[in-house]
>>> print(open('upload.txt').read())   # compact mmCIF, C-alpha atoms
# COMPACT_ATOMS: atom_id res chain seq x y z
CA MET A 1 55.89 99.06 188.65
CA ARG A 2 53.20 97.11 186.92
CA THR A 3 53.93 93.74 185.39
CA LYS A 4 52.75 93.49 181.82
CA LEU A 5 50.83 90.32 181.19
CA LEU A 6 51.59 88.55 177.97
CA ARG A 7 48.53 87.52 175.97
CA PRO A 8 48.49 84.20 174.12
CA ASP A 9 49.51 84.33 170.54
CA ARG A 10 46.11 83.70 168.88
CA SER A 11 47.66 83.51 165.46
CA HIS A 12 49.75 80.54 166.62
CA ARG A 13 46.66 78.78 167.98
CA SER A 14 44.89 79.43 164.74
CA ASN A 15 47.74 77.86 162.83
CA LEU A 16 47.65 74.74 165.05
CA SER A 17 43.91 74.41 164.60
CA THR A 18 44.23 74.65 160.86
CA GLU A 19 46.94 71.99 160.80
CA SER A 20 44.82 69.66 162.97
CA GLU A 21 41.83 70.06 160.72
CA ARG A 22 43.98 69.32 157.70
CA THR A 23 45.32 66.18 159.37
CA VAL A 24 41.83 64.97 160.26
CA ASN A 25 40.54 65.67 156.76
CA ALA A 26 43.47 63.85 155.26
CA ARG A 27 42.82 60.86 157.47
CA ARG A 28 39.13 60.88 156.56
CA GLN A 29 40.05 60.94 152.89
CA ILE A 30 42.37 57.98 153.36
CA LEU A 31 39.65 56.05 155.17
CA ARG A 32 37.12 56.85 152.43
CA THR A 33 39.59 55.65 149.81
CA LEU A 34 40.26 52.46 151.74
CA ALA A 35 36.53 51.83 152.15
CA THR A 36 35.92 52.31 148.44
CA THR A 37 38.83 50.02 147.57
CA THR A 38 37.59 47.36 149.98
CA ALA A 39 34.07 47.53 148.54
CA CYS A 40 35.42 47.08 145.04
CA ALA A 41 37.51 44.16 146.19
CA VAL A 42 34.44 42.50 147.72
CA LEU A 43 32.43 43.02 144.54
CA LEU A 44 35.17 41.82 142.23
CA GLY A 45 36.69 39.21 144.47
CA ALA A 46 34.07 36.43 144.00
CA PRO A 47 34.42 36.02 140.24
CA TRP A 48 38.18 36.33 140.48
CA THR A 49 38.28 33.64 143.16
CA ALA A 50 36.02 31.36 141.09
CA ALA A 51 38.18 31.84 138.04
CA GLN A 52 41.29 31.17 140.09
CA ALA A 53 39.68 28.03 141.55
CA GLN A 54 38.89 26.72 138.07
CA GLY A 55 42.42 27.48 136.97
CA ASP A 56 43.81 25.51 139.92
CA TYR A 57 41.39 22.61 139.43
CA PRO A 58 41.77 19.95 140.63
CA ALA A 59 43.35 20.88 143.94
CA LYS A 60 42.18 17.77 145.83
CA PRO A 61 41.00 14.20 145.12
CA ILE A 62 37.98 13.68 142.85
CA HIS A 63 35.19 11.29 143.87
CA LEU A 64 33.85 9.09 141.07
CA ILE A 65 30.48 7.53 141.98
CA VAL A 66 29.56 4.16 140.46
CA PRO A 67 25.83 3.36 140.80
CA PHE A 68 26.43 -0.40 140.89
CA GLY A 69 28.37 -2.80 143.09
CA ALA A 70 32.05 -3.61 143.09
CA GLY A 71 32.99 -5.97 140.27
CA SER A 72 30.18 -4.78 137.97
CA THR A 73 31.13 -3.61 134.49
CA PRO A 74 30.65 0.11 135.32
CA ASP A 75 32.89 -0.43 138.35
CA VAL A 76 35.61 -2.09 136.27
CA PHE A 77 35.41 0.72 133.71
CA ALA A 78 35.54 3.41 136.40
CA ARG A 79 38.60 1.97 138.12
CA LEU A 80 40.51 1.26 134.92
CA VAL A 81 39.85 4.57 133.15
CA GLY A 82 39.68 6.67 136.31
CA ASP A 83 43.12 5.58 137.40
CA GLN A 84 44.58 6.58 134.04
CA ALA A 85 42.70 9.92 133.99
CA SER A 86 44.03 10.76 137.45
CA LYS A 87 47.56 10.80 136.02
CA THR A 88 46.56 13.59 133.63
CA LEU A 89 44.66 15.54 136.30
CA GLY A 90 47.40 15.21 138.91
CA GLN A 91 44.98 14.17 141.66
CA PRO A 92 43.63 10.77 142.78
CA ILE A 93 40.22 9.68 141.51
CA VAL A 94 38.48 7.80 144.32
CA VAL A 95 35.78 5.32 143.23
CA GLU A 96 32.67 5.09 145.43
CA ASN A 97 30.06 2.34 144.90
CA ARG A 98 26.49 3.43 145.64
CA ALA A 99 24.33 0.63 144.29
CA GLY A 100 20.55 0.31 144.30
CA ALA A 101 17.32 1.15 142.46
CA GLY A 102 18.71 0.14 139.08
CA GLY A 103 21.45 2.75 139.28
CA ASN A 104 19.18 5.62 140.33
CA ILE A 105 20.67 6.03 143.81
CA GLY A 106 24.24 6.55 142.69
CA THR A 107 23.34 8.58 139.61
CA GLY A 108 21.02 10.73 141.71
CA ALA A 109 23.86 11.35 144.15
CA VAL A 110 25.92 12.79 141.30
CA ALA A 111 23.02 14.99 140.19
CA LYS A 112 22.64 16.41 143.71
CA ALA A 113 26.37 16.94 144.36
CA ALA A 114 28.04 20.34 144.39
CA PRO A 115 28.89 21.38 140.81
CA ASP A 116 32.55 21.95 141.56
CA GLY A 117 34.10 19.04 139.69
CA TYR A 118 35.01 17.09 142.82
CA THR A 119 32.06 14.67 142.57
CA ILE A 120 31.40 13.06 139.19
CA GLY A 121 30.06 9.67 138.13
CA VAL A 122 29.75 6.93 135.58
CA SER A 123 26.37 5.52 134.62
CA ILE A 124 24.48 3.50 132.02
CA THR A 125 21.38 3.43 129.80
CA GLY A 126 18.76 2.99 132.51
CA PRO A 127 19.55 5.78 134.98
CA LEU A 128 20.77 8.13 132.23
CA VAL A 129 17.95 7.63 129.71
CA ASN A 130 15.27 4.96 130.09
CA ASN A 131 14.32 5.56 133.70
CA THR A 132 12.82 8.92 132.77
CA LEU A 133 9.98 6.89 131.21
CA ILE A 134 9.87 4.11 133.77
CA TYR A 135 9.94 5.84 137.16
CA LYS A 136 7.03 8.08 138.02
CA ASN A 137 8.96 10.05 140.62
CA LEU A 138 12.56 9.87 139.47
CA PRO A 139 14.42 12.11 141.95
CA TYR A 140 16.47 13.74 139.19
CA ASP A 141 16.24 14.53 135.49
CA PRO A 142 19.33 13.27 133.66
CA PHE A 143 18.79 15.76 130.85
CA LYS A 144 18.57 18.73 133.24
CA ASP A 145 20.43 17.77 136.41
CA LEU A 146 23.50 16.16 134.85
CA ALA A 147 26.22 17.51 132.57
CA PRO A 148 27.69 15.02 130.06
CA ILE A 149 31.49 14.73 130.16
CA THR A 150 32.14 12.01 127.60
CA PHE A 151 30.74 8.79 126.22
CA GLY A 152 32.71 5.84 127.53
CA VAL A 153 32.33 2.39 126.04
CA HIS A 154 29.92 0.17 124.16
CA GLN A 155 29.46 -3.38 125.35
CA GLY A 156 27.01 -5.86 123.93
CA ASN A 157 25.02 -8.09 126.25
CA VAL A 158 25.17 -11.87 126.09
CA LEU A 159 22.17 -14.02 126.91
CA ALA A 160 23.27 -16.81 129.23
CA VAL A 161 21.10 -19.64 130.52
CA SER A 162 21.30 -22.16 133.31
CA ASN A 163 22.54 -25.61 132.39
CA SER A 164 19.39 -26.95 134.03
CA LEU A 165 17.27 -25.68 131.12
CA HIS A 166 19.01 -28.01 128.65
CA VAL A 167 18.75 -25.55 125.75
CA ASP A 168 21.49 -24.78 123.23
CA ASN A 169 20.05 -21.87 121.25
CA MET A 170 17.45 -19.13 121.22
CA LYS A 171 14.92 -21.19 119.29
CA GLN A 172 14.91 -23.89 121.94
CA LEU A 173 14.69 -21.32 124.74
CA MET A 174 11.74 -19.55 123.16
CA GLU A 175 9.91 -22.85 122.65
CA LEU A 176 10.51 -23.75 126.30
CA LEU A 177 9.11 -20.40 127.45
CA ARG A 178 6.04 -20.76 125.25
CA LYS A 179 5.22 -24.14 126.80
CA ASN A 180 5.84 -22.98 130.37
CA PRO A 181 4.55 -19.43 130.89
CA GLY A 182 5.33 -18.11 134.37
CA LYS A 183 7.52 -21.05 135.33
CA TYR A 184 10.93 -19.39 134.90
CA ASN A 185 12.69 -16.31 136.28
CA TYR A 186 15.29 -14.06 134.73
CA ALA A 187 17.85 -11.95 136.57
CA SER A 188 18.51 -8.30 135.73
CA VAL A 189 20.49 -5.39 137.12
CA GLY A 190 17.41 -3.23 137.35
CA VAL A 191 14.36 -1.87 135.63
CA GLY A 192 15.08 -0.09 132.34
CA THR A 193 18.50 -1.66 131.75
CA LEU A 194 19.37 -3.63 128.62
CA SER A 195 19.37 -6.74 130.80
CA GLN A 196 15.62 -6.21 131.22
CA LEU A 197 14.74 -4.80 127.81
CA SER A 198 16.33 -7.69 125.91
CA MET A 199 14.37 -10.22 127.97
CA GLU A 200 11.17 -8.23 127.54
CA ALA A 201 11.63 -8.47 123.77
CA ILE A 202 11.89 -12.25 124.07
CA LYS A 203 8.79 -12.33 126.28
CA ALA A 204 6.84 -10.34 123.70
CA LEU A 205 7.83 -12.73 120.92
CA THR A 206 7.01 -15.86 122.92
CA HIS A 207 3.81 -14.43 124.41
CA SER A 208 4.93 -15.91 127.69
CA TYR A 209 5.46 -14.64 131.19
CA VAL A 210 8.94 -14.76 132.70
CA VAL A 211 9.42 -13.18 136.12
CA GLN A 212 12.08 -10.46 136.47
CA VAL A 213 14.25 -10.61 139.59
CA PRO A 214 16.40 -7.45 139.85
CA TYR A 215 19.79 -7.45 141.58
CA ALA A 216 22.08 -4.65 142.72
CA SER A 217 25.02 -5.79 140.59
CA SER A 218 25.87 -8.04 137.67
CA PRO A 219 27.92 -10.51 139.79
CA ALA A 220 24.90 -10.99 142.05
CA ALA A 221 22.64 -11.53 139.04
CA VAL A 222 25.00 -14.13 137.57
CA MET A 223 25.28 -15.94 140.89
CA SER A 224 21.46 -16.17 141.06
CA VAL A 225 21.48 -18.21 137.84
CA ILE A 226 24.23 -20.51 139.08
CA GLN A 227 22.40 -21.06 142.39
CA GLY A 228 19.08 -21.75 140.63
CA ASP A 229 17.13 -18.73 141.90
CA THR A 230 16.81 -17.59 138.28
CA GLN A 231 17.35 -19.46 135.01
CA MET A 232 18.63 -16.86 132.55
CA VAL A 233 20.28 -13.46 132.38
CA SER A 234 21.26 -10.92 129.72
CA LEU A 235 24.43 -9.11 130.79
CA ALA A 236 27.75 -7.77 129.57
CA PRO A 237 30.25 -10.55 128.70
CA LEU A 238 32.63 -9.43 131.42
CA ALA A 239 30.14 -10.50 134.06
CA VAL A 240 29.13 -13.76 132.40
CA MET A 241 32.06 -15.30 130.52
CA PRO A 242 34.16 -16.44 133.52
CA GLN A 243 31.24 -18.60 134.67
CA VAL A 244 30.56 -19.79 131.12
CA GLU A 245 34.18 -20.80 130.70
CA ALA A 246 33.95 -22.64 134.01
CA GLY A 247 31.05 -24.67 132.59
CA LYS A 248 28.45 -23.28 135.00
CA MET A 249 26.34 -21.42 132.39
CA LYS A 250 25.81 -21.39 128.65
CA VAL A 251 25.76 -18.41 126.24
CA ILE A 252 23.26 -18.64 123.38
CA ALA A 253 23.13 -15.11 121.82
CA VAL A 254 24.60 -11.58 121.83
CA SER A 255 22.67 -8.31 121.63
CA THR A 256 24.97 -6.47 119.23
CA ALA A 257 24.17 -5.95 115.55
CA LYS A 258 27.25 -8.00 114.63
CA ARG A 259 28.86 -10.97 116.32
CA LEU A 260 31.51 -10.14 118.89
CA PRO A 261 35.09 -10.76 117.69
CA GLN A 262 35.81 -12.46 121.01
CA LEU A 263 32.78 -14.79 120.57
CA PRO A 264 32.62 -15.52 116.82
CA ASN A 265 30.52 -18.67 117.27
CA VAL A 266 27.74 -16.99 119.24
CA PRO A 267 24.90 -15.67 117.00
CA THR A 268 23.25 -12.29 117.42
CA PHE A 269 19.72 -11.82 118.68
CA ARG A 270 18.60 -10.96 115.15
CA GLU A 271 20.22 -14.07 113.72
CA SER A 272 18.35 -16.02 116.39
CA GLY A 273 14.94 -14.58 115.51
CA VAL A 274 14.73 -11.69 117.98
CA PRO A 275 14.62 -8.32 116.12
CA LEU A 276 16.69 -6.39 118.63
CA ASP A 277 20.18 -5.00 118.92
CA GLY A 278 21.57 -2.76 121.60
CA SER A 279 24.56 -1.80 123.68
CA ALA A 280 24.96 -1.74 127.43
CA TRP A 281 26.99 1.46 127.23
CA ILE A 282 28.72 3.48 129.94
CA GLY A 283 29.29 7.24 130.11
CA VAL A 284 30.85 9.83 132.42
CA VAL A 285 28.77 12.68 133.88
CA ALA A 286 28.97 15.60 136.32
CA PRO A 287 26.36 17.64 138.20
CA ALA A 288 24.61 20.25 136.04
CA GLY A 289 26.11 23.69 136.51
CA THR A 290 29.68 22.43 136.67
CA PRO A 291 31.75 25.22 135.04
CA LYS A 292 32.71 24.59 131.44
CA PRO A 293 36.47 24.93 132.08
CA ILE A 294 36.21 22.09 134.59
CA ILE A 295 34.07 19.95 132.25
CA ASP A 296 36.68 20.54 129.53
CA LYS A 297 39.52 19.43 131.83
CA LEU A 298 37.65 16.30 132.83
CA ASN A 299 36.74 15.54 129.23
CA ALA A 300 40.35 15.91 128.10
CA ALA A 301 41.60 13.62 130.88
CA PHE A 302 39.03 10.85 130.33
CA VAL A 303 39.26 10.99 126.53
CA ALA A 304 43.07 10.74 126.74
CA ALA A 305 42.70 7.78 129.09
CA MET A 306 40.40 5.92 126.71
CA ARG A 307 42.73 6.59 123.78
CA ASP A 308 45.81 5.32 125.54
CA PRO A 309 46.86 2.12 123.71
CA ALA A 310 47.39 0.19 126.93
CA ILE A 311 43.95 1.18 128.26
CA VAL A 312 42.27 0.37 124.92
CA SER A 313 43.81 -3.10 125.05
CA LYS A 314 42.63 -3.63 128.62
CA LEU A 315 39.10 -2.42 127.83
CA ARG A 316 38.79 -4.71 124.82
CA ALA A 317 40.01 -7.60 126.91
CA GLN A 318 36.93 -6.87 129.06
CA TYR A 319 34.62 -6.86 125.99
CA MET A 320 34.38 -3.05 126.06
CA GLU A 321 34.83 -0.90 122.96
CA PRO A 322 35.91 2.68 123.86
CA GLU A 323 34.32 5.52 121.92
CA PRO A 324 35.17 8.79 123.75
CA GLY A 325 34.05 12.13 122.38
CA THR A 326 32.79 15.60 123.25
CA PRO A 327 30.13 16.44 125.85
CA ALA A 328 27.82 17.54 123.01
CA GLN A 329 28.21 14.21 121.23
CA PHE A 330 27.37 12.32 124.40
CA GLU A 331 24.28 14.47 124.97
CA ALA A 332 23.07 13.83 121.41
CA PHE A 333 23.61 10.09 121.86
CA MET A 334 21.52 10.06 125.05
CA LYS A 335 18.65 11.74 123.23
CA ALA A 336 18.91 9.23 120.38
CA GLU A 337 18.77 6.36 122.87
CA LEU A 338 15.60 7.80 124.39
CA ALA A 339 13.99 7.89 120.95
CA LYS A 340 15.10 4.30 120.30
CA TRP A 341 14.04 2.62 123.54
CA GLY A 342 11.05 4.82 124.41
CA PRO A 343 8.55 3.04 122.14
CA ILE A 344 9.73 -0.40 123.37
CA ILE A 345 9.35 0.64 127.00
CA LYS A 346 5.87 2.03 126.41
CA ARG A 347 4.74 -0.97 124.36
CA ALA A 348 5.91 -3.37 127.08
CA GLY A 349 4.32 -1.20 129.78
CA ILE A 350 7.51 -1.21 131.84
CA LYS A 351 7.02 0.77 135.04
CA ALA A 352 8.68 0.93 138.43
CA ASP A 353 6.98 1.68 141.76
>>> encode(input="upload.txt", output="structure tokens")
Amino acid sequence: MRTKLLRPDRSHRSNLSTESERTVNARRQILRTLATTTACAVLLGAPWTAAQAQGDYPAKPIHLIVPFGAGSTPDVFARLVGDQASKTLGQPIVVENRAGAGGNIGTGAVAKAAPDGYTIGVSITGPLVNNTLIYKNLPYDPFKDLAPITFGVHQGNVLAVSNSLHVDNMKQLMELLRKNPGKYNYASVGVGTLSQLSMEAIKALTHSYVVQVPYASSPAAVMSVIQGDTQMVSLAPLAVMPQVEAGKMKVIAVSTAKRLPQLPNVPTFRESGVPLDGSAWIGVVAPAGTPKPIIDKLNAAFVAAMRDPAIVSKLRAQYMEPEPGTPAQFEAFMKAELAKWGPIIKRAGIKAD
């Protein structure tokens, strides 16, 4: 009796093969779908993350660079207004002093910082406007490398002299300089600042030579007059008046178009025969390229701070008049200042090495 061998059921094998192929194809389709989805996520993820980051801004402390030393008027402004603005932003604002080169070092540090809103700065006329005409190789362009946030405050300069000069007014000072060209020094907080430009105007009128001695901060400049290293200085009242009230210096004129309410008996430069008026102003800036939503948040916080009644009172007590506004207004003001001081700088031949 022969045993009948059973042959494999080929139809069953065929069915298994078909099912396996279907499973593999299905898996391949899933992988292709996942790959496509991942690619889209990569392409779309960057702008979404940036938008989310701006929406969450600020998520950490903000560094506010001051290009002058501690105790200077920009430093006082930064700490007073920055502290109030931090309450609106919900994050600390940490002040960093980076003095030197008439404000160029600190202002340049802001220009070169990452445009993410976590490094901003305050600065003044020289490094934001005048130094573009004075420095041959300025390491930044304030009109291209910085983004205005808001104008801060106006503050007129006062011209203070050493008691050793024995002068009581501008007329007497100018006569003394005419008779003694090159004998006296004046302190400044750097080339291109109002502290220099106001003295250069006096030099031009007296046809005399007075040596400029620049200092890294207004307190250092004031101390140089008291110690006798220099004999006169044109600075914001905040830096000068404590020493004047202590009897160590004497104020003879103010640079503003009108007399200061806090110093009604001190005449203006124009009243004293010097055709000049100007403000040692302060503004707030960020690196160029900082996203507009971040600039808008910073603007809103700093403007609110400078409109707070308590802050306004404190600023005015420091001889500062707040005038916050939009970034566009601040930019227009900077351009107007360049048009105003440019001819004076060129006529005086003011240059820095």
>>> closest_residue(input="upload.txt", among="A:Tyr140, A:Gly117, A:Phe77, A:Thr132", to="Lys292 of chain A", atoms="only C-alpha atoms")
A:Gly117
>>> closest_residue(input="upload.txt", among="A:Gly126, A:Pro92, A:Gly273, A:Pro242", to="Phe68 of chain A", atoms="all atoms listed in the file")
A:Gly126
>>> atom_distance(input="upload.txt", atom1="atom CA of Ala85 of chain A", atom2="atom CA of Ala109 of chain A")
21.5 Å
>>> closest_residue(input="upload.txt", among="A:Phe330, A:Ala310, A:His207, A:Asp168", to="Pro267 of chain A", atoms="all atoms listed in the file")
A:Asp168
>>> atom_distance(input="upload.txt", atom1="atom CA of Val94 of chain A", atom2="atom CA of Ala332 of chain A")
28.3 Å
>>> residues_around(input="upload.txt", residues="Glu323 of chain A", least_positions_apart="6", cutoff="12 Å", atoms="all atoms listed in the file", output="VMD selection string")
chain A and resid 150 to 155 281 to 284 302 to 307 312 315 to 316 329 to 330 333
>>> write_last_selection(input="upload.txt", atoms="C-alpha atoms", output="PDB file, keeping the file's coordinate frame")
ATOM      1  CA  THR A 150      32.140  12.010 127.600  1.00  0.00           C
ATOM      2  CA  PHE A 151      30.740   8.790 126.220  1.00  0.00           C
ATOM      3  CA  GLY A 152      32.710   5.840 127.530  1.00  0.00           C
ATOM      4  CA  VAL A 153      32.330   2.390 126.040  1.00  0.00           C
ATOM      5  CA  HIS A 154      29.920   0.170 124.160  1.00  0.00           C
ATOM      6  CA  GLN A 155      29.460  -3.380 125.350  1.00  0.00           C
ATOM      7  CA  TRP A 281      26.990   1.460 127.230  1.00  0.00           C
ATOM      8  CA  ILE A 282      28.720   3.480 129.940  1.00  0.00           C
ATOM      9  CA  GLY A 283      29.290   7.240 130.110  1.00  0.00           C
ATOM     10  CA  VAL A 284      30.850   9.830 132.420  1.00  0.00           C
ATOM     11  CA  PHE A 302      39.030  10.850 130.330  1.00  0.00           C
ATOM     12  CA  VAL A 303      39.260  10.990 126.530  1.00  0.00           C
ATOM     13  CA  ALA A 304      43.070  10.740 126.740  1.00  0.00           C
ATOM     14  CA  ALA A 305      42.700   7.780 129.090  1.00  0.00           C
ATOM     15  CA  MET A 306      40.400   5.920 126.710  1.00  0.00           C
ATOM     16  CA  ARG A 307      42.730   6.590 123.780  1.00  0.00           C
ATOM     17  CA  VAL A 312      42.270   0.370 124.920  1.00  0.00           C
ATOM     18  CA  LEU A 315      39.100  -2.420 127.830  1.00  0.00           C
ATOM     19  CA  ARG A 316      38.790  -4.710 124.820  1.00  0.00           C
ATOM     20  CA  GLN A 329      28.210  14.210 121.230  1.00  0.00           C
ATOM     21  CA  PHE A 330      27.370  12.320 124.400  1.00  0.00           C
ATOM     22  CA  PHE A 333      23.610  10.090 121.860  1.00  0.00           C
TER      23      PHE A 333
END
>>> residues_near_point(input="upload.txt", point="(20.3, 1.5, 125.7)", cutoff="9 Å", atoms="only C-alpha atoms", output="list in words")
Ile124, Thr125, Gly126, Val129, Asn130, Gly192, Thr193, Leu194, Leu197, Gly278, Ser279, Ala280, Trp281, Met334, Glu337, Leu338, Lys340 and Trp341 of chain A
>>> closest_residue(input="upload.txt", among="A:Pro61, A:Pro127, A:Pro293, A:Gly325", to="Ile105 of chain A", atoms="all atoms listed in the file")
A:Pro127
>>> residues_around(input="upload.txt", residues="Asn137 of chain A", least_positions_apart="3", cutoff="12 Å", atoms="all atoms listed in the file", output="list in words")
Asn104, Asn131, Thr132, Leu133, Ile134, Tyr140, Asp141, Lys351, Ala352 and Asp353 of chain A
>>> residues_around(input="upload.txt", residues="Ala114 of chain A", least_positions_apart="4", cutoff="10 Å", atoms="only C-alpha atoms", output="number ranges by chain")
A: 109-110, 118-120, 286-290
>>> decode(input="upload.txt", residues="segment 78-135 of chain A", atoms="C-alpha atoms", output="compact mmCIF listing (two decimals), in the first residue's frame")
# COMPACT_ATOMS: atom_id res chain seq x y z
CA ALA A 78 18.75 103.87 33.96
CA ARG A 79 18.36 102.64 37.52
CA LEU A 80 15.35 104.80 38.33
CA VAL A 81 13.36 104.19 35.14
CA GLY A 82 14.63 100.65 34.58
CA ASP A 83 13.45 99.52 37.98
CA GLN A 84 9.96 100.86 37.29
CA ALA A 85 9.86 99.35 33.77
CA SER A 86 10.82 95.94 35.18
CA LYS A 87 7.54 95.89 37.12
CA THR A 88 5.60 96.13 33.86
CA LEU A 89 7.77 93.56 32.08
CA GLY A 90 7.71 91.08 34.95
CA GLN A 91 11.47 90.49 34.83
CA PRO A 92 14.43 92.24 36.51
CA ILE A 93 16.35 94.86 34.52
CA VAL A 94 20.02 94.55 35.44
CA VAL A 95 22.12 97.70 34.92
CA GLU A 96 25.67 97.20 33.61
CA ASN A 97 28.17 100.10 33.50
CA ARG A 98 30.59 99.94 30.56
CA ALA A 99 32.31 103.33 30.55
CA GLY A 100 34.96 104.64 28.18
CA ALA A 101 35.63 106.40 24.86
CA GLY A 102 32.97 109.04 25.46
CA GLY A 103 30.23 106.43 25.65
CA ASN A 104 31.27 104.55 22.52
CA ILE A 105 32.30 101.35 24.32
CA GLY A 106 29.00 100.75 26.06
CA THR A 107 26.86 101.95 23.16
CA GLY A 108 28.87 99.78 20.79
CA ALA A 109 28.26 96.80 23.05
CA VAL A 110 24.52 97.31 22.64
CA ALA A 111 24.89 97.58 18.86
CA LYS A 112 26.79 94.28 18.72
CA ALA A 113 24.50 92.37 21.10
CA ALA A 114 22.05 89.70 19.99
CA PRO A 115 18.81 91.35 18.80
CA ASP A 116 16.62 89.36 21.14
CA GLY A 117 15.56 92.07 23.57
CA TYR A 118 17.70 90.80 26.43
CA THR A 119 20.47 93.38 25.96
CA ILE A 120 19.43 97.02 25.56
CA GLY A 121 21.00 100.31 26.58
CA VAL A 122 20.69 103.96 27.41
CA SER A 123 22.91 106.55 25.76
CA ILE A 124 23.34 110.25 25.03
CA THR A 125 24.03 112.81 22.29
CA GLY A 126 27.67 111.92 21.61
CA PRO A 127 27.58 108.16 21.04
CA LEU A 128 24.10 108.28 19.48
CA VAL A 129 24.60 111.24 17.13
CA ASN A 130 27.69 113.46 17.19
CA ASN A 131 30.36 110.78 17.23
CA THR A 132 29.44 109.77 13.69
CA LEU A 133 31.16 113.01 12.63
CA ILE A 134 33.94 112.97 15.18
CA TYR A 135 35.35 109.43 15.11
